[in-house]
file start.cif (mmCIF, C-alpha atoms and all ligand atoms)
data_structure
loop_
_atom_site.label_atom_id
_atom_site.label_comp_id
_atom_site.auth_asym_id
_atom_site.auth_seq_id
_atom_site.Cartn_x
_atom_site.Cartn_y
_atom_site.Cartn_z
CA MET H 1 22.13 -17.06 -10.11
CA ASP H 2 24.97 -15.18 -8.45
CA LEU H 3 26.96 -17.92 -6.69
CA ALA H 4 28.01 -15.69 -3.82
CA SER H 5 24.52 -14.40 -3.04
CA ALA H 6 23.30 -17.82 -1.86
CA ALA H 7 26.00 -18.95 0.52
CA LEU H 8 26.37 -19.84 4.18
CA PRO H 9 29.92 -18.91 5.19
CA ILE H 10 32.11 -21.52 6.84
CA ASP H 11 32.03 -19.71 10.21
CA GLN H 12 28.34 -20.59 10.45
CA TRP H 13 29.11 -24.29 10.16
CA ALA H 14 30.52 -26.73 12.69
CA LEU H 15 33.19 -27.46 10.05
CA SER H 16 36.73 -26.36 10.85
CA PRO H 17 37.88 -23.33 8.81
CA ASP H 18 41.38 -24.83 8.94
CA VAL H 19 40.41 -27.61 6.55
CA VAL H 20 39.43 -27.22 2.88
CA HIS H 21 36.15 -29.15 2.76
CA LEU H 22 35.40 -30.40 -0.75
CA ASN H 23 33.72 -33.63 0.30
CA HIS H 24 30.24 -32.81 1.50
CA GLY H 25 29.12 -35.93 -0.34
CA SER H 26 30.72 -38.45 1.99
CA TYR H 27 29.80 -37.32 5.49
CA GLY H 28 27.90 -34.05 5.15
CA GLY H 29 28.46 -31.14 7.46
CA CYS H 30 26.18 -29.17 9.81
CA PRO H 31 25.36 -25.52 10.33
CA ARG H 32 26.06 -24.56 13.95
CA SER H 33 22.36 -23.83 14.54
CA VAL H 34 21.51 -27.44 13.72
CA ILE H 35 24.12 -28.81 16.13
CA GLU H 36 22.72 -26.50 18.82
CA THR H 37 19.22 -27.87 18.22
CA ALA H 38 20.48 -31.45 18.49
CA THR H 39 22.39 -30.63 21.67
CA GLU H 40 19.27 -29.11 23.26
CA ILE H 41 17.18 -32.15 22.36
CA ARG H 42 19.85 -34.47 23.79
CA ALA H 43 19.99 -32.43 26.99
CA GLN H 44 16.21 -32.68 27.41
CA LEU H 45 16.36 -36.43 26.88
CA GLU H 46 19.21 -36.99 29.30
CA ALA H 47 17.59 -34.75 31.94
CA ALA H 48 14.50 -36.94 32.21
CA PRO H 49 14.70 -39.97 29.89
CA MET H 50 11.37 -41.48 30.86
CA VAL H 51 9.46 -38.22 30.54
CA PHE H 52 11.10 -37.63 27.17
CA TYR H 53 10.56 -41.08 25.69
CA LYS H 54 7.10 -41.71 27.13
CA LEU H 55 5.51 -38.27 26.77
CA HIS H 56 7.35 -36.39 24.03
CA TRP H 57 9.24 -38.73 21.73
CA GLN H 58 6.45 -40.10 19.48
CA PRO H 59 4.81 -36.70 18.81
CA LEU H 60 8.24 -35.23 18.09
CA VAL H 61 9.09 -38.06 15.67
CA ASP H 62 5.72 -37.63 13.96
CA ARG H 63 6.30 -33.88 13.59
CA ALA H 64 9.83 -34.33 12.22
CA ARG H 65 8.53 -37.01 9.85
CA ALA H 66 5.76 -34.72 8.58
CA THR H 67 8.30 -31.96 7.86
CA LEU H 68 10.64 -34.33 6.03
CA ALA H 69 7.76 -35.93 4.11
CA ALA H 70 6.59 -32.50 2.90
CA PHE H 71 10.16 -31.65 1.84
CA LEU H 72 10.53 -34.93 -0.09
CA HIS H 73 6.98 -34.88 -1.51
CA ALA H 74 6.55 -38.30 0.07
CA PRO H 75 3.55 -39.72 1.96
CA ALA H 76 4.27 -39.50 5.71
CA ASP H 77 2.45 -42.78 6.29
CA GLN H 78 5.09 -44.57 4.17
CA LEU H 79 8.09 -42.73 5.63
CA VAL H 80 10.29 -43.85 8.51
CA PHE H 81 13.57 -42.58 9.87
CA VAL H 82 16.50 -44.99 9.76
CA PRO H 83 20.07 -44.40 10.96
CA ASN H 84 21.47 -44.04 7.44
CA ALA H 85 21.05 -45.05 3.80
CA THR H 86 22.95 -48.30 4.36
CA HIS H 87 20.29 -49.36 6.90
CA GLY H 88 17.51 -48.06 4.68
CA VAL H 89 18.64 -50.06 1.65
CA ALA H 90 19.25 -53.15 3.81
CA THR H 91 15.72 -52.92 5.22
CA ALA H 92 14.30 -52.52 1.73
CA LEU H 93 16.25 -55.50 0.39
CA ALA H 94 15.21 -57.68 3.33
CA SER H 95 11.62 -56.80 2.44
CA CYS H 96 11.85 -57.86 -1.20
CA THR H 97 10.61 -61.23 -2.41
CA LEU H 98 13.20 -63.42 -4.11
CA ALA H 99 13.37 -67.06 -5.17
CA ALA H 100 16.00 -69.41 -6.52
CA GLY H 101 16.99 -68.49 -10.07
CA ASP H 102 15.84 -64.86 -9.80
CA GLU H 103 18.11 -62.14 -11.13
CA ILE H 104 18.91 -58.89 -9.34
CA LEU H 105 20.03 -56.06 -11.59
CA ILE H 106 22.60 -53.47 -10.48
CA THR H 107 25.25 -51.40 -12.28
CA ASP H 108 29.02 -51.35 -11.85
CA HIS H 109 28.59 -47.95 -10.09
CA THR H 110 26.52 -49.45 -7.24
CA TYR H 111 27.77 -48.48 -3.77
CA ARG H 112 30.02 -51.21 -2.39
CA ALA H 113 28.03 -51.74 0.84
CA VAL H 114 24.87 -52.27 -1.18
CA ARG H 115 26.60 -54.65 -3.59
CA ASN H 116 27.88 -56.61 -0.58
CA GLN H 117 24.35 -56.77 0.84
CA LEU H 118 23.07 -58.09 -2.48
CA VAL H 119 25.75 -60.74 -2.80
CA ARG H 120 24.68 -62.17 0.58
CA LEU H 121 20.99 -61.79 -0.16
CA ALA H 122 21.39 -63.56 -3.51
CA ALA H 123 23.35 -66.40 -1.90
CA THR H 124 20.60 -66.85 0.70
CA HIS H 125 17.90 -67.19 -1.95
CA GLY H 126 19.85 -68.90 -4.72
CA ALA H 127 19.42 -65.75 -6.80
CA ARG H 128 22.03 -64.10 -9.05
CA VAL H 129 23.36 -60.54 -9.12
CA VAL H 130 23.69 -59.23 -12.68
CA VAL H 131 26.05 -56.25 -12.94
CA VAL H 132 25.32 -53.95 -15.88
CA PRO H 133 28.43 -52.09 -17.11
CA VAL H 134 27.93 -48.34 -17.51
CA PRO H 135 31.22 -47.10 -19.00
CA LEU H 136 32.82 -43.68 -18.63
CA PRO H 137 32.49 -41.17 -20.23
CA PHE H 138 28.86 -41.51 -19.22
CA ASP H 139 26.32 -41.70 -22.01
CA PRO H 140 22.72 -41.61 -20.71
CA ASP H 141 21.39 -43.34 -23.84
CA GLN H 142 23.86 -46.20 -23.40
CA CYS H 143 22.90 -46.51 -19.73
CA VAL H 144 19.17 -46.64 -20.43
CA ALA H 145 19.66 -49.19 -23.22
CA ALA H 146 22.11 -51.35 -21.22
CA ILE H 147 19.71 -51.70 -18.29
CA ALA H 148 16.78 -52.46 -20.60
CA ASP H 149 18.87 -55.05 -22.48
CA ALA H 150 19.99 -56.75 -19.27
CA THR H 151 16.41 -57.20 -18.06
CA THR H 152 15.20 -60.77 -18.62
CA THR H 153 12.21 -62.88 -17.66
CA ARG H 154 14.22 -63.88 -14.57
CA THR H 155 14.77 -60.31 -13.38
CA ARG H 156 12.88 -59.83 -10.11
CA LEU H 157 14.61 -56.90 -8.44
CA VAL H 158 16.42 -53.82 -9.72
CA VAL H 159 18.61 -51.76 -7.38
CA LEU H 160 19.82 -48.42 -8.72
CA ASP H 161 21.52 -45.36 -7.31
CA HIS H 162 19.84 -42.01 -7.75
CA LEU H 163 23.29 -40.36 -7.71
CA THR H 164 26.23 -42.74 -7.94
CA SER H 165 28.89 -42.56 -5.25
CA PRO H 166 32.23 -43.09 -7.05
CA THR H 167 31.30 -41.28 -10.26
CA ALA H 168 28.66 -38.71 -9.15
CA ILE H 169 26.26 -39.57 -11.97
CA LEU H 170 22.63 -38.54 -11.77
CA MET H 171 20.98 -41.65 -13.19
CA PRO H 172 18.25 -41.02 -15.78
CA LEU H 173 15.61 -42.76 -13.66
CA GLU H 174 12.73 -41.14 -15.51
CA ARG H 175 13.86 -43.03 -18.64
CA ILE H 176 15.10 -46.24 -17.00
CA LEU H 177 12.19 -47.00 -14.71
CA PRO H 178 8.96 -47.04 -16.77
CA PRO H 179 9.72 -50.32 -18.61
CA LEU H 180 10.83 -51.93 -15.33
CA ARG H 181 7.65 -50.75 -13.63
CA ASP H 182 5.58 -52.11 -16.52
CA ARG H 183 7.18 -55.53 -15.96
CA GLY H 184 6.05 -55.41 -12.32
CA LEU H 185 9.60 -55.56 -10.93
CA GLN H 186 10.58 -54.63 -7.41
CA ILE H 187 12.60 -51.42 -7.63
CA VAL H 188 14.88 -50.19 -4.85
CA ILE H 189 16.52 -46.77 -5.23
CA ASP H 190 19.57 -45.88 -3.19
CA GLY H 191 19.10 -42.14 -2.83
CA ALA H 192 21.91 -41.61 -0.32
CA HIS H 193 22.97 -38.33 -2.00
CA ALA H 194 19.70 -36.98 -3.34
CA ALA H 195 17.87 -35.13 -0.54
CA GLY H 196 19.31 -31.63 -0.44
CA GLN H 197 21.30 -32.08 -3.65
CA LEU H 198 18.38 -32.45 -6.10
CA ASP H 199 14.82 -31.24 -6.35
CA LEU H 200 13.41 -34.51 -5.07
CA ASP H 201 9.82 -35.58 -5.67
CA LEU H 202 9.29 -39.04 -4.24
CA GLY H 203 5.65 -38.99 -5.32
CA ALA H 204 6.79 -38.71 -8.94
CA LEU H 205 9.33 -41.51 -8.42
CA ARG H 206 6.64 -43.72 -6.92
CA ALA H 207 4.60 -43.15 -10.10
CA LEU H 208 7.66 -44.38 -12.03
CA GLY H 209 7.45 -47.66 -10.10
CA VAL H 210 9.86 -47.18 -7.17
CA THR H 211 8.94 -49.68 -4.45
CA TYR H 212 11.48 -48.58 -1.83
CA TYR H 213 13.52 -45.39 -1.69
CA ALA H 214 16.27 -45.01 0.91
CA GLY H 215 18.09 -41.75 1.57
CA ASN H 216 20.15 -39.73 3.97
CA ASN H 217 19.43 -36.58 5.93
CA HIS H 218 22.99 -36.30 7.20
CA LYS H 219 24.53 -35.66 3.80
CA TRP H 220 23.15 -32.81 1.66
CA LEU H 221 20.31 -31.86 4.03
CA CYS H 222 22.97 -31.08 6.64
CA ALA H 223 21.36 -32.84 9.62
CA PRO H 224 23.66 -34.38 12.28
CA LYS H 225 25.09 -37.80 11.52
CA SER H 226 23.00 -40.95 11.82
CA THR H 227 19.77 -39.87 10.24
CA GLY H 228 18.40 -41.33 7.04
CA PHE H 229 14.97 -42.28 5.78
CA LEU H 230 13.13 -45.05 4.01
CA VAL H 231 9.98 -44.59 1.97
CA ALA H 232 8.23 -47.92 1.54
CA ALA H 233 5.41 -48.46 -0.90
CA GLY H 234 5.75 -52.22 -0.40
CA PRO H 235 5.61 -54.52 2.62
CA ILE H 236 8.38 -54.20 5.22
CA ARG H 237 10.30 -56.88 7.08
CA PRO H 238 12.31 -54.94 9.68
CA LEU H 239 15.93 -55.98 10.23
CA VAL H 240 15.37 -55.64 13.96
CA THR H 241 12.22 -56.99 15.59
CA SER H 242 11.07 -54.78 18.44
CA HIS H 243 7.91 -53.95 20.43
CA GLY H 244 6.09 -52.82 17.29
CA ALA H 245 5.76 -56.40 16.06
CA SER H 246 3.00 -56.74 18.69
CA ALA H 247 -0.25 -55.46 17.23
CA GLU H 248 -1.21 -53.70 20.47
CA TYR H 249 2.02 -51.64 20.63
CA GLY H 250 2.59 -48.20 19.17
CA PRO H 251 0.77 -46.07 16.61
CA ASP H 252 -1.91 -47.50 14.32
CA ASN H 253 0.44 -47.22 11.35
CA ARG H 254 2.29 -50.56 11.58
CA LEU H 255 5.28 -49.33 9.54
CA HIS H 256 5.76 -46.53 12.06
CA ALA H 257 5.11 -48.88 14.99
CA GLU H 258 7.75 -51.33 13.79
CA LEU H 259 10.46 -48.93 12.65
CA ASP H 260 10.16 -45.79 14.79
CA TRP H 261 11.31 -47.72 17.85
CA VAL H 262 13.93 -50.39 17.26
CA GLY H 263 15.37 -50.18 20.77
CA THR H 264 16.78 -47.29 22.77
CA TYR H 265 18.66 -44.83 20.58
CA ASP H 266 19.65 -41.17 20.38
CA PRO H 267 16.77 -39.46 18.54
CA ALA H 268 18.49 -36.03 18.47
CA PRO H 269 19.77 -36.28 14.86
CA GLN H 270 16.39 -37.29 13.48
CA LEU H 271 14.51 -34.72 15.51
CA SER H 272 16.93 -32.06 14.22
CA VAL H 273 16.01 -32.68 10.58
CA PRO H 274 13.39 -29.87 10.59
CA ALA H 275 16.05 -27.51 11.95
CA ALA H 276 18.39 -28.54 9.12
CA ILE H 277 15.68 -27.96 6.50
CA ALA H 278 14.97 -24.56 8.09
CA ALA H 279 18.65 -23.60 8.21
CA LEU H 280 18.96 -24.20 4.47
CA ALA H 281 15.63 -22.49 3.76
CA ALA H 282 16.90 -19.38 5.54
CA VAL H 283 19.58 -19.08 2.82
CA ALA H 284 17.49 -19.74 -0.31
CA THR H 285 14.82 -22.04 -1.68
CA PRO H 286 15.83 -25.69 -2.23
CA SER H 287 15.83 -25.20 -6.02
CA GLN H 288 18.06 -22.13 -5.75
CA ILE H 289 20.49 -23.98 -3.48
CA HIS H 290 20.60 -26.98 -5.83
CA ALA H 291 21.17 -24.71 -8.86
CA ARG H 292 23.86 -22.75 -7.02
CA ASN H 293 25.74 -25.85 -5.92
CA HIS H 294 25.42 -27.44 -9.38
CA ALA H 295 26.86 -24.33 -11.05
CA LEU H 296 29.65 -24.18 -8.49
CA VAL H 297 30.72 -27.78 -8.91
CA LEU H 298 30.83 -27.30 -12.69
CA ALA H 299 33.05 -24.24 -12.20
CA LEU H 300 35.36 -26.14 -9.83
CA ARG H 301 35.51 -29.11 -12.18
CA ASP H 302 36.29 -26.89 -15.16
CA ARG H 303 39.18 -25.21 -13.35
CA VAL H 304 40.68 -28.57 -12.45
CA LEU H 305 40.18 -29.86 -16.01
CA ALA H 306 41.73 -26.68 -17.46
CA ASP H 307 44.77 -27.12 -15.24
CA LEU H 308 45.36 -30.87 -15.29
CA GLY H 309 43.77 -31.72 -18.60
CA GLY H 310 41.63 -34.82 -18.89
CA THR H 311 38.24 -35.52 -20.39
CA GLN H 312 34.83 -34.51 -19.14
CA LEU H 313 33.35 -37.74 -17.81
CA VAL H 314 29.71 -36.83 -17.37
CA PRO H 315 27.48 -34.36 -19.25
CA ASP H 316 26.61 -31.34 -17.10
CA ALA H 317 22.93 -32.27 -17.10
CA ALA H 318 23.79 -35.63 -15.46
CA LEU H 319 25.48 -34.02 -12.46
CA GLY H 320 24.13 -32.64 -9.21
CA ALA H 321 26.53 -30.91 -6.82
CA MET H 322 29.35 -33.47 -7.12
CA ALA H 323 31.72 -34.22 -9.98
CA ALA H 324 34.37 -36.89 -10.57
CA ILE H 325 37.49 -35.87 -12.47
CA THR H 326 40.15 -38.14 -13.93
CA ILE H 327 43.65 -37.86 -12.50
CA THR H 328 46.91 -39.70 -13.05
CA LEU H 329 48.41 -40.96 -9.81
CA PRO H 330 52.05 -40.21 -9.09
CA PRO H 331 54.30 -43.29 -9.47
CA ASN H 332 54.02 -45.86 -6.65
CA THR H 333 51.01 -44.13 -5.09
CA THR H 334 47.56 -45.66 -4.60
CA ALA H 335 44.24 -43.80 -4.56
CA GLY H 336 43.93 -44.48 -0.81
CA ALA H 337 47.43 -43.22 -0.10
CA LEU H 338 46.82 -40.01 -2.06
CA THR H 339 43.55 -39.45 -0.17
CA ASP H 340 45.48 -39.77 3.10
CA GLN H 341 48.16 -37.35 1.86
CA LEU H 342 45.47 -34.82 0.96
CA LEU H 343 43.90 -35.21 4.41
CA ARG H 344 47.28 -34.58 6.07
CA ALA H 345 47.69 -31.50 3.85
CA GLY H 346 44.32 -30.15 5.06
CA PHE H 347 42.02 -31.16 2.17
CA GLU H 348 38.97 -33.37 2.63
CA LEU H 349 38.05 -35.05 -0.65
CA PRO H 350 38.28 -38.64 -1.87
CA ILE H 351 40.43 -40.15 -4.61
CA VAL H 352 38.32 -42.97 -5.97
CA ASP H 353 39.96 -46.18 -7.10
CA TRP H 354 37.84 -46.52 -10.26
CA PRO H 355 39.02 -49.47 -12.42
CA GLY H 356 41.67 -48.28 -14.84
CA GLN H 357 41.19 -44.64 -13.98
CA PRO H 358 41.58 -42.99 -10.57
CA LEU H 359 39.05 -40.22 -9.97
CA LEU H 360 39.04 -37.14 -7.79
CA ARG H 361 35.52 -36.40 -6.51
CA ILE H 362 34.60 -32.86 -5.53
CA SER H 363 31.44 -31.68 -3.82
CA ALA H 364 30.00 -28.17 -3.60
CA HIS H 365 27.74 -26.95 -0.81
CA LEU H 366 26.91 -23.55 0.60
CA TYR H 367 30.30 -22.99 2.29
CA ASN H 368 32.33 -23.75 -0.85
CA ASP H 369 33.53 -21.27 -3.46
CA VAL H 370 35.32 -21.45 -6.77
CA HIS H 371 38.59 -20.06 -5.37
CA GLN H 372 39.13 -23.35 -3.52
CA ALA H 373 40.29 -24.85 -6.83
CA GLU H 374 43.63 -23.00 -6.72
CA PRO H 375 44.95 -24.27 -3.36
CA LEU H 376 43.68 -27.73 -4.27
CA LEU H 377 45.57 -27.69 -7.56
CA ALA H 378 48.71 -26.37 -5.89
CA THR H 379 48.59 -29.18 -3.33
CA LEU H 380 47.89 -31.83 -5.96
CA ARG H 381 50.95 -30.65 -7.87
CA GLU H 382 53.06 -30.75 -4.69
CA LEU H 383 51.89 -34.33 -4.17
CA GLY H 384 52.95 -35.23 -7.70
CA VAL H 385 49.61 -35.11 -9.53
CA THR H 386 50.36 -33.24 -12.73
CA ARG H 387 47.93 -34.78 -15.24
CA GLY H 388 44.27 -35.52 -15.54
C1 LIG H 401 25.32 -44.29 -3.21
C2 LIG H 401 25.52 -44.44 -1.74
N1 LIG H 401 24.77 -45.32 -1.07
C3 LIG H 401 24.88 -45.49 0.26
C4 LIG H 401 25.78 -44.75 0.98
C5 LIG H 401 25.89 -45.01 2.44
O1 LIG H 401 25.53 -43.89 3.19
P1 LIG H 401 25.60 -44.06 4.76
O2 LIG H 401 27.04 -44.33 5.11
O3 LIG H 401 25.13 -42.76 5.29
O4 LIG H 401 24.75 -45.22 5.12
C6 LIG H 401 26.60 -43.82 0.33
C7 LIG H 401 27.59 -43.05 1.10
O5 LIG H 401 28.33 -42.25 0.59
C8 LIG H 401 26.47 -43.68 -1.06
O6 LIG H 401 27.25 -42.83 -1.73
#

call {"tool": "encode", "arguments": {"input": "start.cif", "output": "structure tokens"}}
result
Amino acid sequence: MDLASAALPIDQWALSPDVVHLNHGSYGGCPRSVIETATEIRAQLEAAPMVFYKLHWQPLVDRARATLAAFLHAPADQLVFVPNATHGVATALASCTLAAGDEILITDHTYRAVRNQLVRLAATHGARVVVVPVPLPFDPDQCVAAIADATTTRTRLVVLDHLTSPTAILMPLERILPPLRDRGLQIVIDGAHAAGQLDLDLGALRALGVTYYAGNNHKWLCAPKSTGFLVAAGPIRPLVTSHGASAEYGPDNRLHAELDWVGTYDPAPQLSVPAAIAALAAVATPSQIHARNHALVLALRDRVLADLGGTQLVPDAALGAMAAITITLPPNTTAGALTDQLLRAGFELPIVDWPGQPLLRISAHLYNDVHQAEPLLATLRELGVTRG
């Protein structure tokens, strides 16, 4: 596909044109039309809060949920909005059954917040977190085998990323999950980056044994910040107990009753999710957008690799619209300090402090183009980064 033909220029986004945005993966970014929708919803709410919450809110949530469920190929009766993937994973983990001596399997690419959650959860239950090393360069066969080999009779819960945060790896879930499903394990997938970056079919993932799938709408789907989702095929123990714990309160669906309303909140981001899906659909189909962004991130990565040198860390087929690239830090500089220097120079993208090998992570969405590699490389050189 012609990369330029499916694009949404930066002037149609709320993003500043004065910054080079190469980090859609961390905090997303919104088309202006989506921000306008959220602002209108917020204005309606603030104009008459009781009318809004009592008369309009639940039908609006149900409609937004139905749109998102159709987009994700997920059952609406198992889908709830949450503020973000961190909340979604935490809710899923709180809902899992664990006992003393159980093992929880993760990889060394697991998102730090999730690993932290698991360390506390394991301590509460007397369980143990088993971290499976998945070395770079990434080899899907090694990854599949390492997870299978680490699974024991004590394994009770497996928590995997769909796309890893520090290393941008698309995990081969279709190969990893069937044996775990066949052992009857609880499987939680952290899909923080997947919706809007991949062709996502949560029905197919459920068939592979996924018990809980948490994701974000405010990353690649381009909704305003503080909207994520949780799809729960298992029982749910909400982190916050609210009115919905009373059988007589709320809709018949008890998952919706318990998790739609967890106290007064700003529903504008969640109710703007259909507008975000529509804004992207006005550019191209989801598959075309995913293919375009995938091709673009490969082109950006290749330009950086050609300039700085370094090895390709992940096969193209195991990437979505993000890529991590090895760099050598200038003397006496940390990954965090270099990230800050890039921010001050007008570039949003993270330098990841990966053990033994700092990584630059780039993201490609509809406002990015391949020519952004040159100013990035020039600035990296100015900051003392001369090698991959
Ligand atoms: C793999 C992964 N999980 C969870 C999160 C947390 O997302 P949020 O901050 O929206 O909760 C991120 C954020 O980048 C992530 O990369």

call {"tool": "residues_around", "arguments": {"input": "start.cif", "residues": "Tyr27 (chain H)", "least_positions_apart": "5", "cutoff": "8 Å", "atoms": "all atoms listed in the file", "output": "count of residues only"}}
result
3

call {"tool": "residues_near_ligand", "arguments": {"input": "start.cif", "ligand": "ligand LIG 401 (chain H)", "cutoff": "6 Å", "atoms": "all atoms listed in the file", "output": "list in words"}}
result
Ser26, Asn84, Ala85, Thr86, Tyr111, Asp161, Thr164, Ser165, Asp190, Ala192 and Asn216 of chain H

call {"tool": "write_last_selection", "arguments": {"input": "start.cif", "atoms": "C-alpha atoms", "output": "compact mmCIF listing (two decimals), keeping the file's coordinate frame"}}
result
# COMPACT_ATOMS: atom_id res chain seq x y z
CA SER H 26 30.72 -38.45 1.99
CA ASN H 84 21.47 -44.04 7.44
CA ALA H 85 21.05 -45.05 3.80
CA THR H 86 22.95 -48.30 4.36
CA TYR H 111 27.77 -48.48 -3.77
CA ASP H 161 21.52 -45.36 -7.31
CA THR H 164 26.23 -42.74 -7.94
CA SER H 165 28.89 -42.56 -5.25
CA ASP H 190 19.57 -45.88 -3.19
CA ALA H 192 21.91 -41.61 -0.32
CA ASN H 216 20.15 -39.73 3.97

call {"tool": "closest_residue", "arguments": {"input": "start.cif", "among": "H:Pro274, H:Pro17, H:Pro137, H:Pro267", "to": "Ile325 (chain H)", "atoms": "all atoms listed in the file"}}
result
H:Pro137

call {"tool": "residues_around", "arguments": {"input": "start.cif", "residues": "Trp220 (chain H)", "least_positions_apart": "6", "cutoff": "9 Å", "atoms": "only C-alpha atoms", "output": "number ranges by chain"}}
result
H: 24-25, 27-29, 193-197, 365

call {"tool": "closest_residue", "arguments": {"input": "start.cif", "among": "H:Thr326, H:Ala207, H:Gln12, H:Asp307", "to": "Arg381 (chain H)", "atoms": "all atoms listed in the file"}}
result
H:Asp307

call {"tool": "residues_around", "arguments": {"input": "start.cif", "residues": "Ala99 (chain H)", "least_positions_apart": "2", "cutoff": "8 Å", "atoms": "only C-alpha atoms", "output": "ChimeraX atom specification"}}
result
/H:97,101-102,125-127

call {"tool": "closest_residue", "arguments": {"input": "start.cif", "among": "H:Ala113, H:Pro75, H:Leu319, H:Ala282", "to": "Ala204 (chain H)", "atoms": "all atoms listed in the file"}}
result
H:Pro75

call {"tool": "closest_atom_pairs", "arguments": {"input": "start.cif", "of": "region 46-162 of chain H", "to": "region 167-177 of chain H", "cutoff": "7 Å", "atoms": "only C-alpha atoms", "output": "JSON lines"}}
result
{"residue": "H:Pro140", "atom": "CA", "partner": "H:Pro172", "partner_atom": "CA", "distance": 6.7}
{"residue": "H:Val144", "atom": "CA", "partner": "H:Ile176", "partner_atom": "CA", "distance": 5.3}
{"residue": "H:Asp161", "atom": "CA", "partner": "H:Met171", "partner_atom": "CA", "distance": 7.0}
{"residue": "H:His162", "atom": "CA", "partner": "H:Met171", "partner_atom": "CA", "distance": 5.6}

call {"tool": "write_last_selection", "arguments": {"input": "start.cif", "atoms": "C-alpha atoms", "output": "compact mmCIF listing (two decimals), keeping the file's coordinate frame"}}
result
# COMPACT_ATOMS: atom_id res chain seq x y z
CA PRO H 140 22.72 -41.61 -20.71
CA VAL H 144 19.17 -46.64 -20.43
CA ASP H 161 21.52 -45.36 -7.31
CA HIS H 162 19.84 -42.01 -7.75

call {"tool": "residues_around", "arguments": {"input": "start.cif", "residues": "region 245-256 of chain H", "least_positions_apart": "3", "cutoff": "8 Å", "atoms": "all atoms listed in the file", "output": "MDAnalysis selection string"}}
result
chainID H and resid 77:80 236 241:242 259:260

call {"tool": "atom_distance", "arguments": {"input": "start.cif", "atom1": "CA of Ile327 (chain H)", "atom2": "CA of Pro358 (chain H)"}}
result
5.9 Å

call {"tool": "atom_distance", "arguments": {"input": "start.cif", "atom1": "CA of Tyr367 (chain H)", "atom2": "CA of Pro350 (chain H)"}}
result
18.1 Å

call {"tool": "residues_around", "arguments": {"input": "start.cif", "residues": "Gly184 (chain H)", "least_positions_apart": "3", "cutoff": "10 Å", "atoms": "all atoms listed in the file", "output": "PyMOL selection string"}}
result
chain H and resi 156-157+178-181+187+209

call {"tool": "closest_residue", "arguments": {"input": "start.cif", "among": "H:Pro330, H:Gly234, H:Pro224, H:Pro166", "to": "Leu185 (chain H)", "atoms": "all atoms listed in the file"}}
result
H:Gly234

call {"tool": "atom_distance", "arguments": {"input": "start.cif", "atom1": "CA of Arg387 (chain H)", "atom2": "CA of Gly309 (chain H)"}}
result
6.2 Å

call {"tool": "residues_near_point", "arguments": {"input": "start.cif", "point": "(9.9, -46.3, -0.5)", "cutoff": "8 Å", "atoms": "only C-alpha atoms", "output": "ChimeraX atom specification"}}
result
/H:78-79,92,188,206,210-214,230-234

call {"tool": "build_atoms", "arguments": {"input": "start.cif", "residues": "region 60-71 of chain H", "atoms": "N, CA and C atoms", "output": "PDB file, in the frame of the given file"}}
result
ATOM      1  N   LEU H  60       7.121 -35.930  18.738  1.00  0.00           N
ATOM      2  CA  LEU H  60       8.240 -35.230  18.090  1.00  0.00           C
ATOM      3  C   LEU H  60       8.685 -35.954  16.821  1.00  0.00           C
ATOM      4  N   VAL H  61       8.741 -37.285  16.880  1.00  0.00           N
ATOM      5  CA  VAL H  61       9.090 -38.060  15.670  1.00  0.00           C
ATOM      6  C   VAL H  61       8.059 -37.803  14.577  1.00  0.00           C
ATOM      7  N   ASP H  62       6.776 -37.824  14.964  1.00  0.00           N
ATOM      8  CA  ASP H  62       5.720 -37.630  13.960  1.00  0.00           C
ATOM      9  C   ASP H  62       5.835 -36.245  13.315  1.00  0.00           C
ATOM     10  N   ARG H  63       6.183 -35.237  14.134  1.00  0.00           N
ATOM     11  CA  ARG H  63       6.300 -33.880  13.590  1.00  0.00           C
ATOM     12  C   ARG H  63       7.517 -33.786  12.654  1.00  0.00           C
ATOM     13  N   ALA H  64       8.633 -34.365  13.074  1.00  0.00           N
ATOM     14  CA  ALA H  64       9.830 -34.330  12.220  1.00  0.00           C
ATOM     15  C   ALA H  64       9.570 -35.087  10.923  1.00  0.00           C
ATOM     16  N   ARG H  65       8.861 -36.210  11.035  1.00  0.00           N
ATOM     17  CA  ARG H  65       8.530 -37.010   9.850  1.00  0.00           C
ATOM     18  C   ARG H  65       7.662 -36.195   8.877  1.00  0.00           C
ATOM     19  N   ALA H  66       6.671 -35.485   9.454  1.00  0.00           N
ATOM     20  CA  ALA H  66       5.760 -34.720   8.580  1.00  0.00           C
ATOM     21  C   ALA H  66       6.545 -33.631   7.835  1.00  0.00           C
ATOM     22  N   THR H  67       7.496 -33.003   8.516  1.00  0.00           N
ATOM     23  CA  THR H  67       8.300 -31.960   7.860  1.00  0.00           C
ATOM     24  C   THR H  67       9.147 -32.557   6.748  1.00  0.00           C
ATOM     25  N   LEU H  68       9.793 -33.695   7.047  1.00  0.00           N
ATOM     26  CA  LEU H  68      10.640 -34.330   6.030  1.00  0.00           C
ATOM     27  C   LEU H  68       9.789 -34.823   4.860  1.00  0.00           C
ATOM     28  N   ALA H  69       8.626 -35.403   5.175  1.00  0.00           N
ATOM     29  CA  ALA H  69       7.760 -35.930   4.110  1.00  0.00           C
ATOM     30  C   ALA H  69       7.336 -34.796   3.172  1.00  0.00           C
ATOM     31  N   ALA H  70       6.997 -33.633   3.752  1.00  0.00           N
ATOM     32  CA  ALA H  70       6.590 -32.500   2.900  1.00  0.00           C
ATOM     33  C   ALA H  70       7.770 -32.074   2.025  1.00  0.00           C
ATOM     34  N   PHE H  71       8.975 -32.058   2.604  1.00  0.00           N
ATOM     35  CA  PHE H  71      10.160 -31.650   1.840  1.00  0.00           C
ATOM     36  C   PHE H  71      10.431 -32.609   0.675  1.00  0.00           C
TER      37      PHE H  71
END
